Amino acid sequence: MHIAANWLNSYLEPGNLTPAEIEAALIDAGFEIESQEKLPDGDTKFDVAITSNRGDALSLVGLAREAAAKTGRKLKSPGTGGKEKPEPTPASEGVTSAIKLENRVPPACPLFTLRVIKGVKVGPSPTWLVKALESVGQRSINNVVDITNFINFELGNPCHVFDLKKLTGGAIVVREATEGEKLLTLDGKQRVLKAGEIVVADAERAQGLAGIMGGGDSEVSASTTDVALEVATWDPVRVRSAARRLQIRTDASHRYERFVDARTLESASRRAASLIVEVAGGQLLSGVISEGLCLEAPRFVKLRPARISKILGIEVPLSKVQAIFNQLEIKTVPDASDGSLICTIPAFRPDLTREIDLIEEIARQHGLDQIPLAPRLAVSVKRPQDRVRARRELSAVLGGLGFFETVTFSFTRPERAAAFVPAGLTTIGVDDDRRGEEPTLRPSLLTGLLACRKANLDGQVTNSGGIRLYETASVFAKSADANAVEHRSLGLLMDVAVAGKSVSLIEKQDGVRALRGVIETVVTSLGGTKAASTLRFEPAPATSAAFEPGAFAIVHLGETKLGHFGLLAAPAIKSFGLEQPLAGGELLVDALLALYPPRGSITPLPAFPSVERDLSPVVAESTTWADVSRLVQGVGSSNEGKRIESFRFIGTYRGKQLGEGKKSVTLRVVFRDPAKTLRHEEVDPEVNVLMDRMKSDLHAEFRGV
């Protein structure tokens with residue numbers, strides 16, 4: 001933001017700050033001076049760095065307010081310097097008789113205002129106006145256009161003037177552009193617009209790109225006699241998106257991208273109209289046309305004096321606080337009930353939303369150098385929050401299981417992302433040349449993990465038992481209604497076998513089981529045995545093309561869908577330049593961390609020995625271990641199987657003697673009686689119950705029985 005010392009001083013009383021004093025005041029207020037330049041007329045130009053949250057400081061008045069607060073001077077409102085004429089008396093003719101306004105997109109244009117001035121004489125600007133603009137690096141164009149640039153720098157409100165006679169139909173329509181619509185902008189370039197970009201149009205064609213640049217077809221020239229003055233505000237995101245796509249950077253877009261409050265438009269519009277009449281003559285029509293949303297109500301923030309002392313470590317008298325806020329135009333009213341201050345936030349400070357923001361303002365204006373540096377700081381060490389401890393535990397568990405943590409890039413190639421997009425969603429891309437070949441936000445953490453695995457392969461990195469990688473980060477997609485879908489995931493990737501070695505079906509199965517074991521261990525470590533008991537793996541059709549059909553499962557934790565895992569499909573692996581089989585999965589990391597701390601149950605050591613029995617039911621290939629597990633759990637919870645203490649999977653056998661589509665699943669069941677030593681024959685009835693239930697529910701057969 002370029003400012004000039006003389007222009008800034010014109011808003012101060014007394015207006016006699018030297019360039020050195022201006023520099024010191026602004027730096028002390030938190031605004032860095034990037035450079036300063038001595039102008040030929042003796043004035044000094046500053047280049048002030050403005051942070052993105054301080055849109056109010058993108059104006060001479062805004063920075064003058066800061067300088068006034070720092071130096072104890074009074075801020076003069078624009079138009080009270082003595083040179084300006086009183087506001088013009090409007091004509092009897094109303095503005096609505098000269099022009100019509102239609103705002104079709106209020107969410108994108110919260111407020112659009114129009115005034116009309118007839119009979120202007122366009123020509124050179126007066127000396128004071130030319131000098132003011134040139135002092136901040138602007139060139140003079142003509143008296144009418146120069147006033148819009150003057151207002152932009154003075155108040156931070158971009159505005160625009162149209163040649164009224166060049167507007168077809170005598171109308172302004174704020175609308176979305178159609179795909180491929182063309183617009184000749186003021187820089188003489190023909191722009192091809194995209195659907196959804198906002199334009200200011202007349203009855204037939206676009207006459208300006210909203211919040212960025214006006215159109216050449218309605219440009220004010222020497223032949224102009226009647227002008228329509230636009231002062232509006234726009235959605236910052238829509239302005240930023242269009243400006244970036246078209247690679248246009250203007251003073252107007254710079255301000256709109258940082259938000260211009262609709263409540264500031266009326267005074268800016270009156271000021272601009274008054275100055276146009278002053279420098280170009282003409283008659284201001286009565287009234288103003290406004291179209292858009294209702295103005296926001298004033299925002300109130302409660303400030304507690306005790307909180308100021310606690311945060312800053314010093315006592316700031318309430319009178320001093322009120323004086324600071326008065327300089328910043330923050331109105332205060334004491335609350336007699338608790339001694340706090342009810343602060344009314346001005347429209348030009350949208351960054352002030354919380355009590356801590358107001359305390360920061362006090363610190364800025366009171367002076368950080370007034371806050372003493374204590375020789376010692378009292379530190380109260382508190383126990384880490386459960387979420388922090390849970391993250392540490394997650395890292396420790398995965399590290400113990402041989403996983404290495406990674407931090408990968410959030411973008412990937414479109415063809416790689418396509419395989420990992422869940423059904424019903426689409427990828428999100430960015431229209432940015434800097435992204436090059438990777439313009440797509442990752443829909444899965446596995447894209448980054450696979451790229452990392454390829455980097456390890458290229459670097460000939462090996463690890464005993466294969467390489468295992470994990471990452472916790474956000475993934476992105478877009479729903480059918482074009483809304484962004486984002487959540488944090490835990491991504492897991494592990495080698496199924498050593499690269500370059502042929503892999504059998506059993507090895508692939510073992511790899512998937514190993515990843516299942518990792519998930520079980522993570523859930524048990526974070527939530528305890530109680531949480532692990534609700535963990536369920538449901539074989540399902542793959543939700544994306546990235547997984548092998550028949551080797552994919554949904555992970556459930558109670559009633560919550562926790563995530564999924566499985567064997568990665570060969571085409572997805574090959575798209576990353578890999579060949580060896582890999583197992584991968586993703587879990588909702590927030591749901592995992594919410595399990596912490598682990599909760600378990602304590603039982604005394606058994607007083608009597610157990611009896612173990614192995615069962616090998618022959619079942620259909622489609623029968624899952626989850627089916628067998630549910631059946632055994634059901635029997636164990638009934639009186640018929642009350643001695644069943646636990647069971648576990650031993651192995652699976654397939655062979656010609658079993659028949660096509662059959663497999664033998666071996667499980668080991670542990671029986672125990674808490675009151676006596678069991679004899680083998682005493683568990684036979686419960687074993688028979690298990691076998692009968694397997695025969696009836698799973699259509700199982702038992703060899704040799």
# chains A, B, ... in the order shown; residues from 1 in each chain; ligands from 1
call {"tool": "select_by_dssp", "arguments": {"residues": "segment 566-698 of chain A", "states": "strand (DSSP E or B)", "output": "ChimeraX atom specification"}}
result
/A:566-568,582-588,611-615,618-620,644-653,662-671
call {"tool": "write_last_selection", "arguments": {"atoms": "N, CA and C atoms", "output": "CSV table (one decimal), in the first residue's frame"}}
result
chain,number,residue,atom,x,y,z
A,566,GLY,N,-7.7,-53.4,2.5
A,566,GLY,CA,-7.7,-54.5,1.5
A,566,GLY,C,-6.4,-54.5,0.7
A,567,LEU,N,-6.4,-55.4,-0.3
A,567,LEU,CA,-5.3,-55.6,-1.2
A,567,LEU,C,-5.5,-54.6,-2.3
A,568,LEU,N,-4.4,-53.8,-2.6
A,568,LEU,CA,-4.5,-52.8,-3.7
A,568,LEU,C,-4.5,-53.5,-5.0
A,582,LEU,N,0.7,-54.9,-2.5
A,582,LEU,CA,0.7,-54.0,-1.4
A,582,LEU,C,-0.7,-54.1,-0.8
A,583,ALA,N,-0.8,-54.0,0.6
A,583,ALA,CA,-2.1,-53.9,1.3
A,583,ALA,C,-2.1,-52.5,1.8
A,584,GLY,N,-3.3,-51.9,1.8
A,584,GLY,CA,-3.5,-50.5,2.3
A,584,GLY,C,-4.9,-50.3,2.9
A,585,GLY,N,-5.0,-49.3,3.6
A,585,GLY,CA,-6.3,-48.9,4.2
A,585,GLY,C,-6.3,-47.5,4.8
A,586,GLU,N,-7.5,-47.1,5.1
A,586,GLU,CA,-7.7,-45.7,5.7
A,586,GLU,C,-8.7,-45.8,6.8
A,587,LEU,N,-8.5,-45.1,7.9
A,587,LEU,CA,-9.4,-45.1,9.0
A,587,LEU,C,-9.6,-43.6,9.4
A,588,LEU,N,-10.8,-43.4,10.0
A,588,LEU,CA,-11.1,-42.0,10.4
A,588,LEU,C,-10.3,-41.7,11.7
A,611,VAL,N,-9.4,-76.4,29.1
A,611,VAL,CA,-9.4,-77.5,28.1
A,611,VAL,C,-9.5,-76.8,26.7
A,612,GLU,N,-8.7,-77.3,25.8
A,612,GLU,CA,-8.8,-76.7,24.4
A,612,GLU,C,-9.3,-77.8,23.4
A,613,ARG,N,-10.1,-77.3,22.5
A,613,ARG,CA,-10.5,-78.2,21.4
A,613,ARG,C,-10.4,-77.5,20.1
A,614,ASP,N,-9.9,-78.2,19.1
A,614,ASP,CA,-9.8,-77.6,17.7
A,614,ASP,C,-11.0,-78.1,16.9
A,615,LEU,N,-11.7,-77.2,16.2
A,615,LEU,CA,-12.8,-77.6,15.3
A,615,LEU,C,-12.4,-77.1,13.9
A,618,VAL,N,-16.0,-77.6,7.6
A,618,VAL,CA,-15.8,-77.4,6.1
A,618,VAL,C,-17.0,-76.6,5.7
A,619,VAL,N,-16.8,-75.4,5.2
A,619,VAL,CA,-17.8,-74.4,4.9
A,619,VAL,C,-17.7,-73.9,3.4
A,620,ALA,N,-18.7,-73.2,2.9
A,620,ALA,CA,-18.6,-72.7,1.6
A,620,ALA,C,-17.5,-71.6,1.6
A,644,ILE,N,-17.3,-71.6,27.5
A,644,ILE,CA,-16.4,-71.1,26.5
A,644,ILE,C,-15.8,-69.8,27.0
A,645,GLU,N,-14.5,-69.9,27.1
A,645,GLU,CA,-13.7,-68.7,27.6
A,645,GLU,C,-13.2,-67.8,26.5
A,646,SER,N,-12.7,-68.4,25.4
A,646,SER,CA,-12.2,-67.7,24.3
A,646,SER,C,-12.0,-68.6,23.1
A,647,PHE,N,-11.7,-68.1,22.0
A,647,PHE,CA,-11.4,-68.8,20.8
A,647,PHE,C,-10.5,-68.0,19.8
A,648,ARG,N,-9.9,-68.6,18.9
A,648,ARG,CA,-9.0,-67.9,18.0
A,648,ARG,C,-8.9,-68.7,16.7
A,649,PHE,N,-8.6,-68.0,15.7
A,649,PHE,CA,-8.4,-68.5,14.3
A,649,PHE,C,-7.0,-69.2,14.2
A,650,ILE,N,-7.0,-70.4,13.6
A,650,ILE,CA,-5.8,-71.2,13.5
A,650,ILE,C,-5.3,-71.2,12.0
A,651,GLY,N,-6.2,-71.5,11.1
A,651,GLY,CA,-5.8,-71.5,9.7
A,651,GLY,C,-6.9,-71.9,8.8
A,652,THR,N,-6.7,-71.8,7.5
A,652,THR,CA,-7.6,-72.3,6.5
A,652,THR,C,-7.0,-73.2,5.5
A,653,TYR,N,-7.7,-74.3,5.2
A,653,TYR,CA,-7.2,-75.3,4.2
A,653,TYR,C,-8.1,-75.4,3.1
A,662,LYS,N,-15.2,-75.0,-1.6
A,662,LYS,CA,-15.2,-75.4,-0.2
A,662,LYS,C,-13.9,-75.1,0.5
A,663,LYS,N,-13.9,-74.8,1.8
A,663,LYS,CA,-12.7,-74.6,2.6
A,663,LYS,C,-12.9,-75.1,4.0
A,664,SER,N,-11.8,-75.5,4.6
A,664,SER,CA,-11.8,-75.9,6.0
A,664,SER,C,-11.2,-74.8,6.9
A,665,VAL,N,-12.0,-74.3,7.8
A,665,VAL,CA,-11.6,-73.3,8.8
A,665,VAL,C,-11.3,-73.9,10.1
A,666,THR,N,-10.1,-73.8,10.6
A,666,THR,CA,-9.7,-74.4,11.9
A,666,THR,C,-9.7,-73.3,12.9
A,667,LEU,N,-10.4,-73.5,14.1
A,667,LEU,CA,-10.4,-72.6,15.2
A,667,LEU,C,-10.1,-73.4,16.5
A,668,ARG,N,-9.5,-72.7,17.4
A,668,ARG,CA,-9.2,-73.3,18.7
A,668,ARG,C,-10.1,-72.7,19.8
A,669,VAL,N,-10.9,-73.5,20.5
A,669,VAL,CA,-11.8,-73.0,21.5
A,669,VAL,C,-11.3,-73.4,22.8
A,670,VAL,N,-11.3,-72.5,23.8
A,670,VAL,CA,-10.8,-72.7,25.1
A,670,VAL,C,-12.0,-72.7,26.1
A,671,PHE,N,-12.1,-73.8,26.9
A,671,PHE,CA,-13.1,-74.0,27.9
A,671,PHE,C,-12.5,-73.9,29.2
call {"tool": "residues_around", "arguments": {"residues": "Arg54 of chain A", "least_positions_apart": "6", "cutoff": "9 Å", "atoms": "only C-alpha atoms", "output": "list of chain:residue names"}}
result
A:Arg258, A:Arg349, A:Pro350, A:Asp351
call {"tool": "write_last_selection", "arguments": {"atoms": "C-alpha atoms", "output": "short mmCIF file (atom, residue, chain, number, x, y, z; two decimals), in the first residue's frame"}}
result
data_model
loop_
_atom_site.label_atom_id
_atom_site.label_comp_id
_atom_site.auth_asym_id
_atom_site.auth_seq_id
_atom_site.Cartn_x
_atom_site.Cartn_y
_atom_site.Cartn_z
CA ARG A 258 -9.79 -8.68 1.91
CA ARG A 349 -12.90 -3.66 11.46
CA PRO A 350 -14.32 -7.12 10.59
CA ASP A 351 -11.19 -8.68 12.12
#
call {"tool": "residues_around", "arguments": {"residues": "segment 382-386 of chain A", "least_positions_apart": "5", "cutoff": "10 Å", "atoms": "only C-alpha atoms", "output": "PyMOL selection string"}}
result
chain A and resi 391-392+593-597
call {"tool": "closest_residue", "arguments": {"among": "A:Gly491, A:Glu179, A:Phe404, A:Cys109", "to": "Val237 of chain A", "atoms": "only C-alpha atoms"}}
result
A:Cys109
call {"tool": "closest_atom_pairs", "arguments": {"of": "segment 142-225 of chain A", "to": "segment 264-279 of chain A", "cutoff": "12 Å", "atoms": "only C-alpha atoms", "output": "JSON lines"}}
result
{"residue": "A:Asn142", "atom": "CA", "partner": "A:Val279", "partner_atom": "CA", "distance": 10.0}
{"residue": "A:Asn143", "atom": "CA", "partner": "A:Val279", "partner_atom": "CA", "distance": 6.3}
{"residue": "A:Val144", "atom": "CA", "partner": "A:Ile276", "partner_atom": "CA", "distance": 5.8}
{"residue": "A:Val145", "atom": "CA", "partner": "A:Ile276", "partner_atom": "CA", "distance": 8.8}
{"residue": "A:Asp146", "atom": "CA", "partner": "A:Ile276", "partner_atom": "CA", "distance": 9.0}
{"residue": "A:Ile147", "atom": "CA", "partner": "A:Ile276", "partner_atom": "CA", "distance": 6.3}
{"residue": "A:Thr148", "atom": "CA", "partner": "A:Ala272", "partner_atom": "CA", "distance": 6.7}
{"residue": "A:Asn149", "atom": "CA", "partner": "A:Ala272", "partner_atom": "CA", "distance": 9.7}
{"residue": "A:Phe150", "atom": "CA", "partner": "A:Ala272", "partner_atom": "CA", "distance": 8.6}
{"residue": "A:Ile151", "atom": "CA", "partner": "A:Ala272", "partner_atom": "CA", "distance": 6.4}
{"residue": "A:Asn152", "atom": "CA", "partner": "A:Ala268", "partner_atom": "CA", "distance": 9.1}
{"residue": "A:Phe153", "atom": "CA", "partner": "A:Ala268", "partner_atom": "CA", "distance": 11.4}
{"residue": "A:Glu154", "atom": "CA", "partner": "A:Ala268", "partner_atom": "CA", "distance": 9.5}
{"residue": "A:Leu155", "atom": "CA", "partner": "A:Ala268", "partner_atom": "CA", "distance": 7.1}
{"residue": "A:Gly156", "atom": "CA", "partner": "A:Ala268", "partner_atom": "CA", "distance": 8.9}
{"residue": "A:Asn157", "atom": "CA", "partner": "A:Ala268", "partner_atom": "CA", "distance": 6.6}
{"residue": "A:Pro158", "atom": "CA", "partner": "A:Ala268", "partner_atom": "CA", "distance": 9.0}
{"residue": "A:Cys159", "atom": "CA", "partner": "A:Ser269", "partner_atom": "CA", "distance": 8.1}
{"residue": "A:His160", "atom": "CA", "partner": "A:Ala272", "partner_atom": "CA", "distance": 9.9}
{"residue": "A:Val161", "atom": "CA", "partner": "A:Ala272", "partner_atom": "CA", "distance": 10.2}
{"residue": "A:Thr225", "atom": "CA", "partner": "A:Val277", "partner_atom": "CA", "distance": 11.9}
call {"tool": "write_last_selection", "arguments": {"atoms": "N, CA and C atoms", "output": "mmCIF file, in the first residue's frame"}}
result
data_model
loop_
_atom_site.group_PDB
_atom_site.id
_atom_site.type_symbol
_atom_site.label_atom_id
_atom_site.label_comp_id
_atom_site.auth_asym_id
_atom_site.auth_seq_id
_atom_site.Cartn_x
_atom_site.Cartn_y
_atom_site.Cartn_z
ATOM 1 N N ASN A 142 -8.618 11.377 -16.110
ATOM 2 C CA ASN A 142 -9.475 12.550 -16.288
ATOM 3 C C ASN A 142 -10.130 12.828 -14.946
ATOM 4 N N ASN A 143 -10.766 13.962 -14.840
ATOM 5 C CA ASN A 143 -11.253 14.380 -13.533
ATOM 6 C C ASN A 143 -12.262 13.416 -12.914
ATOM 7 N N VAL A 144 -13.143 12.811 -13.722
ATOM 8 C CA VAL A 144 -14.162 11.909 -13.174
ATOM 9 C C VAL A 144 -13.537 10.597 -12.711
ATOM 10 N N VAL A 145 -12.729 9.979 -13.561
ATOM 11 C CA VAL A 145 -12.101 8.706 -13.209
ATOM 12 C C VAL A 145 -11.115 8.895 -12.061
ATOM 13 N N ASP A 146 -10.427 10.032 -12.056
ATOM 14 C CA ASP A 146 -9.452 10.281 -10.984
ATOM 15 C C ASP A 146 -10.119 10.301 -9.614
ATOM 16 N N ILE A 147 -11.347 10.799 -9.551
ATOM 17 C CA ILE A 147 -12.036 10.828 -8.259
ATOM 18 C C ILE A 147 -12.289 9.405 -7.756
ATOM 19 N N THR A 148 -12.634 8.477 -8.654
ATOM 20 C CA THR A 148 -12.854 7.092 -8.203
ATOM 21 C C THR A 148 -11.561 6.497 -7.660
ATOM 22 N N ASN A 149 -10.426 6.807 -8.286
ATOM 23 C CA ASN A 149 -9.149 6.326 -7.772
ATOM 24 C C ASN A 149 -8.797 7.009 -6.446
ATOM 25 N N PHE A 150 -9.156 8.284 -6.339
ATOM 26 C CA PHE A 150 -8.901 9.026 -5.105
ATOM 27 C C PHE A 150 -9.671 8.394 -3.940
ATOM 28 N N ILE A 151 -10.939 8.069 -4.167
ATOM 29 C CA ILE A 151 -11.772 7.456 -3.124
ATOM 30 C C ILE A 151 -11.224 6.087 -2.738
ATOM 31 N N ASN A 152 -10.737 5.361 -3.740
ATOM 32 C CA ASN A 152 -10.170 4.035 -3.490
ATOM 33 C C ASN A 152 -9.023 4.133 -2.491
ATOM 34 N N PHE A 153 -8.136 5.109 -2.694
ATOM 35 C CA PHE A 153 -6.995 5.257 -1.793
ATOM 36 C C PHE A 153 -7.382 5.951 -0.491
ATOM 37 N N GLU A 154 -8.299 6.887 -0.572
ATOM 38 C CA GLU A 154 -8.669 7.627 0.628
ATOM 39 C C GLU A 154 -9.427 6.754 1.619
ATOM 40 N N LEU A 155 -10.472 6.065 1.163
ATOM 41 C CA LEU A 155 -11.374 5.338 2.049
ATOM 42 C C LEU A 155 -11.238 3.825 1.967
ATOM 43 N N GLY A 156 -10.543 3.325 0.933
ATOM 44 C CA GLY A 156 -10.460 1.877 0.755
ATOM 45 C C GLY A 156 -11.709 1.297 0.132
ATOM 46 N N ASN A 157 -12.555 2.140 -0.464
ATOM 47 C CA ASN A 157 -13.770 1.688 -1.146
ATOM 48 C C ASN A 157 -13.594 1.833 -2.652
ATOM 49 N N PRO A 158 -13.308 0.751 -3.374
ATOM 50 C CA PRO A 158 -13.230 0.854 -4.830
ATOM 51 C C PRO A 158 -14.584 1.287 -5.397
ATOM 52 N N CYS A 159 -14.566 2.118 -6.414
ATOM 53 C CA CYS A 159 -15.801 2.525 -7.078
ATOM 54 C C CYS A 159 -15.530 2.675 -8.573
ATOM 55 N N HIS A 160 -16.601 2.797 -9.337
ATOM 56 C CA HIS A 160 -16.460 2.819 -10.802
ATOM 57 C C HIS A 160 -17.536 3.728 -11.391
ATOM 58 N N VAL A 161 -17.199 4.392 -12.517
ATOM 59 C CA VAL A 161 -18.175 5.234 -13.217
ATOM 60 C C VAL A 161 -18.418 4.685 -14.620
ATOM 61 N N THR A 225 -21.216 12.931 -20.833
ATOM 62 C CA THR A 225 -21.914 14.014 -20.126
ATOM 63 C C THR A 225 -22.680 13.512 -18.908
#
call {"tool": "atom_distance", "arguments": {"atom1": "atom CA of Ser474 of chain A", "atom2": "atom CA of His487 of chain A"}}
result
5.4 Å
call {"tool": "residues_around", "arguments": {"residues": "Ser533 of chain A", "least_positions_apart": "5", "cutoff": "10 Å", "atoms": "only C-alpha atoms", "output": "JSON, numbers by chain"}}
result
{"A": [520, 523, 524, 527, 528, 557, 558]}
call {"tool": "write_last_selection", "arguments": {"atoms": "N, CA and C atoms", "output": "PDB file, in the first residue's frame"}}
result
ATOM      1  N   GLU A 520      -6.490 -53.980  14.491  1.00  0.00           N
ATOM      2  CA  GLU A 520      -6.951 -54.474  15.788  1.00  0.00           C
ATOM      3  C   GLU A 520      -6.045 -53.983  16.913  1.00  0.00           C
ATOM      4  N   VAL A 523      -6.665 -50.185  17.596  1.00  0.00           N
ATOM      5  CA  VAL A 523      -7.913 -49.959  18.324  1.00  0.00           C
ATOM      6  C   VAL A 523      -7.786 -50.415  19.773  1.00  0.00           C
ATOM      7  N   THR A 524      -7.147 -51.561  20.007  1.00  0.00           N
ATOM      8  CA  THR A 524      -6.974 -52.055  21.370  1.00  0.00           C
ATOM      9  C   THR A 524      -6.090 -51.119  22.183  1.00  0.00           C
ATOM     10  N   GLY A 527      -8.276 -47.749  22.641  1.00  0.00           N
ATOM     11  CA  GLY A 527      -9.569 -47.852  23.318  1.00  0.00           C
ATOM     12  C   GLY A 527      -9.703 -48.989  24.298  1.00  0.00           C
ATOM     13  N   GLY A 528      -8.700 -49.888  24.352  1.00  0.00           N
ATOM     14  CA  GLY A 528      -8.779 -51.005  25.274  1.00  0.00           C
ATOM     15  C   GLY A 528      -9.572 -52.166  24.708  1.00  0.00           C
ATOM     16  N   LEU A 557     -16.672 -49.968  13.936  1.00  0.00           N
ATOM     17  CA  LEU A 557     -16.399 -49.889  15.370  1.00  0.00           C
ATOM     18  C   LEU A 557     -17.729 -49.603  16.041  1.00  0.00           C
ATOM     19  N   GLY A 558     -18.369 -50.638  16.538  1.00  0.00           N
ATOM     20  CA  GLY A 558     -19.734 -50.489  17.022  1.00  0.00           C
ATOM     21  C   GLY A 558     -20.635 -50.135  15.863  1.00  0.00           C
TER      22      GLY A 558
END
call {"tool": "atom_distance", "arguments": {"atom1": "atom CA of Val122 of chain A", "atom2": "atom CA of Ala280 of chain A"}}
result
6.1 Å
call {"tool": "select_by_dssp", "arguments": {"residues": "segment 456-590 of chain A", "states": "helix (DSSP H, G or I)", "output": "PyMOL selection string"}}
result
chain A and resi 456-458+505-532+570-574+589-590
call {"tool": "write_last_selection", "arguments": {"atoms": "N, CA and C atoms", "output": "compact mmCIF listing (two decimals), in the first residue's frame"}}
result
# COMPACT_ATOMS: atom_id res chain seq x y z
N ASN A 456 11.16 -44.80 -2.21
CA ASN A 456 12.00 -45.75 -1.48
C ASN A 456 12.53 -46.85 -2.39
N LEU A 457 11.67 -47.28 -3.32
CA LEU A 457 12.11 -48.30 -4.26
C LEU A 457 13.22 -47.78 -5.16
N ASP A 458 13.04 -46.55 -5.66
CA ASP A 458 14.07 -45.95 -6.52
C ASP A 458 15.37 -45.74 -5.76
N LEU A 505 -1.02 -66.87 -3.50
CA LEU A 505 -2.29 -66.40 -2.98
C LEU A 505 -2.28 -66.38 -1.46
N ILE A 506 -1.65 -67.42 -0.86
CA ILE A 506 -1.60 -67.49 0.60
C ILE A 506 -0.82 -66.31 1.17
N GLU A 507 0.27 -65.91 0.51
CA GLU A 507 1.05 -64.77 0.98
C GLU A 507 0.25 -63.48 0.90
N LYS A 508 -0.55 -63.35 -0.16
CA LYS A 508 -1.40 -62.16 -0.25
C LYS A 508 -2.43 -62.14 0.88
N GLN A 509 -3.02 -63.33 1.14
CA GLN A 509 -3.98 -63.40 2.24
C GLN A 509 -3.32 -63.07 3.58
N ASP A 510 -2.13 -63.58 3.77
CA ASP A 510 -1.41 -63.30 5.01
C ASP A 510 -1.12 -61.81 5.16
N GLY A 511 -0.82 -61.15 4.03
CA GLY A 511 -0.56 -59.72 4.07
C GLY A 511 -1.80 -58.93 4.49
N VAL A 512 -2.96 -59.31 3.95
CA VAL A 512 -4.20 -58.64 4.33
C VAL A 512 -4.52 -58.91 5.79
N ARG A 513 -4.30 -60.16 6.23
CA ARG A 513 -4.54 -60.48 7.65
C ARG A 513 -3.61 -59.69 8.55
N ALA A 514 -2.37 -59.50 8.10
CA ALA A 514 -1.42 -58.73 8.91
C ALA A 514 -1.90 -57.29 9.08
N LEU A 515 -2.45 -56.70 8.01
CA LEU A 515 -2.96 -55.34 8.12
C LEU A 515 -4.18 -55.30 9.02
N ARG A 516 -5.00 -56.35 8.97
CA ARG A 516 -6.14 -56.43 9.89
C ARG A 516 -5.64 -56.47 11.33
N GLY A 517 -4.57 -57.24 11.55
CA GLY A 517 -4.00 -57.30 12.89
C GLY A 517 -3.48 -55.95 13.36
N VAL A 518 -2.92 -55.16 12.43
CA VAL A 518 -2.45 -53.82 12.77
C VAL A 518 -3.63 -52.96 13.24
N ILE A 519 -4.74 -53.02 12.51
CA ILE A 519 -5.92 -52.24 12.87
C ILE A 519 -6.44 -52.67 14.24
N GLU A 520 -6.49 -53.98 14.49
CA GLU A 520 -6.95 -54.47 15.79
C GLU A 520 -6.04 -53.98 16.91
N THR A 521 -4.73 -54.01 16.67
CA THR A 521 -3.77 -53.57 17.70
C THR A 521 -3.93 -52.08 17.98
N VAL A 522 -4.12 -51.28 16.93
CA VAL A 522 -4.30 -49.84 17.11
C VAL A 522 -5.55 -49.55 17.94
N VAL A 523 -6.67 -50.19 17.60
CA VAL A 523 -7.91 -49.96 18.32
C VAL A 523 -7.79 -50.41 19.77
N THR A 524 -7.15 -51.56 20.01
CA THR A 524 -6.97 -52.06 21.37
C THR A 524 -6.09 -51.12 22.18
N SER A 525 -5.03 -50.60 21.57
CA SER A 525 -4.11 -49.72 22.29
C SER A 525 -4.76 -48.39 22.65
N LEU A 526 -5.62 -47.88 21.75
CA LEU A 526 -6.24 -46.58 22.00
C LEU A 526 -7.52 -46.68 22.83
N GLY A 527 -8.28 -47.75 22.64
CA GLY A 527 -9.57 -47.85 23.32
C GLY A 527 -9.70 -48.99 24.30
N GLY A 528 -8.70 -49.89 24.35
CA GLY A 528 -8.78 -51.01 25.27
C GLY A 528 -9.57 -52.17 24.71
N THR A 529 -9.65 -53.22 25.51
CA THR A 529 -10.33 -54.45 25.05
C THR A 529 -11.82 -54.22 24.85
N LYS A 530 -12.39 -53.29 25.61
CA LYS A 530 -13.82 -53.04 25.44
C LYS A 530 -14.12 -52.49 24.06
N ALA A 531 -13.29 -51.55 23.59
CA ALA A 531 -13.47 -51.01 22.25
C ALA A 531 -13.18 -52.07 21.20
N ALA A 532 -12.12 -52.85 21.43
CA ALA A 532 -11.75 -53.88 20.46
C ALA A 532 -12.85 -54.92 20.29
N ALA A 570 -3.76 -54.17 -8.95
CA ALA A 570 -2.53 -54.06 -9.74
C ALA A 570 -2.48 -52.80 -10.60
N PRO A 571 -3.59 -52.40 -11.29
CA PRO A 571 -3.51 -51.17 -12.10
C PRO A 571 -3.21 -49.93 -11.27
N ALA A 572 -3.80 -49.85 -10.07
CA ALA A 572 -3.54 -48.69 -9.21
C ALA A 572 -2.09 -48.65 -8.77
N ILE A 573 -1.53 -49.82 -8.48
CA ILE A 573 -0.13 -49.89 -8.05
C ILE A 573 0.79 -49.52 -9.22
N LYS A 574 0.48 -50.02 -10.40
CA LYS A 574 1.33 -49.77 -11.57
C LYS A 574 1.33 -48.29 -11.96
N VAL A 589 -9.32 -40.85 11.60
CA VAL A 589 -8.38 -40.67 12.71
C VAL A 589 -9.06 -40.03 13.91
N ASP A 590 -10.03 -39.15 13.70
CA ASP A 590 -10.71 -38.52 14.83
C ASP A 590 -11.49 -39.54 15.65
call {"tool": "closest_residue", "arguments": {"among": "A:His564, A:His680, A:Arg139, A:Lys194", "to": "Thr543 of chain A", "atoms": "only C-alpha atoms"}}
result
A:His564
call {"tool": "atom_distance", "arguments": {"atom1": "atom CA of Leu450 of chain A", "atom2": "atom CA of Trp625 of chain A"}}
result
29.4 Å
call {"tool": "residues_around", "arguments": {"residues": "Pro549 of chain A", "least_positions_apart": "5", "cutoff": "9 Å", "atoms": "only C-alpha atoms", "output": "PyMOL selection string"}}
result
chain A and resi 540-542+567+569
call {"tool": "write_last_selection", "arguments": {"atoms": "C-alpha atoms", "output": "JSON list (two decimals), in the first residue's frame"}}
result
[["chain", "number", "residue", "atom", "x", "y", "z"],
["A", 540, "ALA", "CA", -17.69, -55.94, 0.86],
["A", 541, "PRO", "CA", -17.39, -54.88, -2.77],
["A", 542, "ALA", "CA", -14.52, -52.43, -3.19],
["A", 567, "LEU", "CA", -5.31, -55.61, -1.18],
["A", 569, "ALA", "CA", -5.39, -53.51, -7.29]]
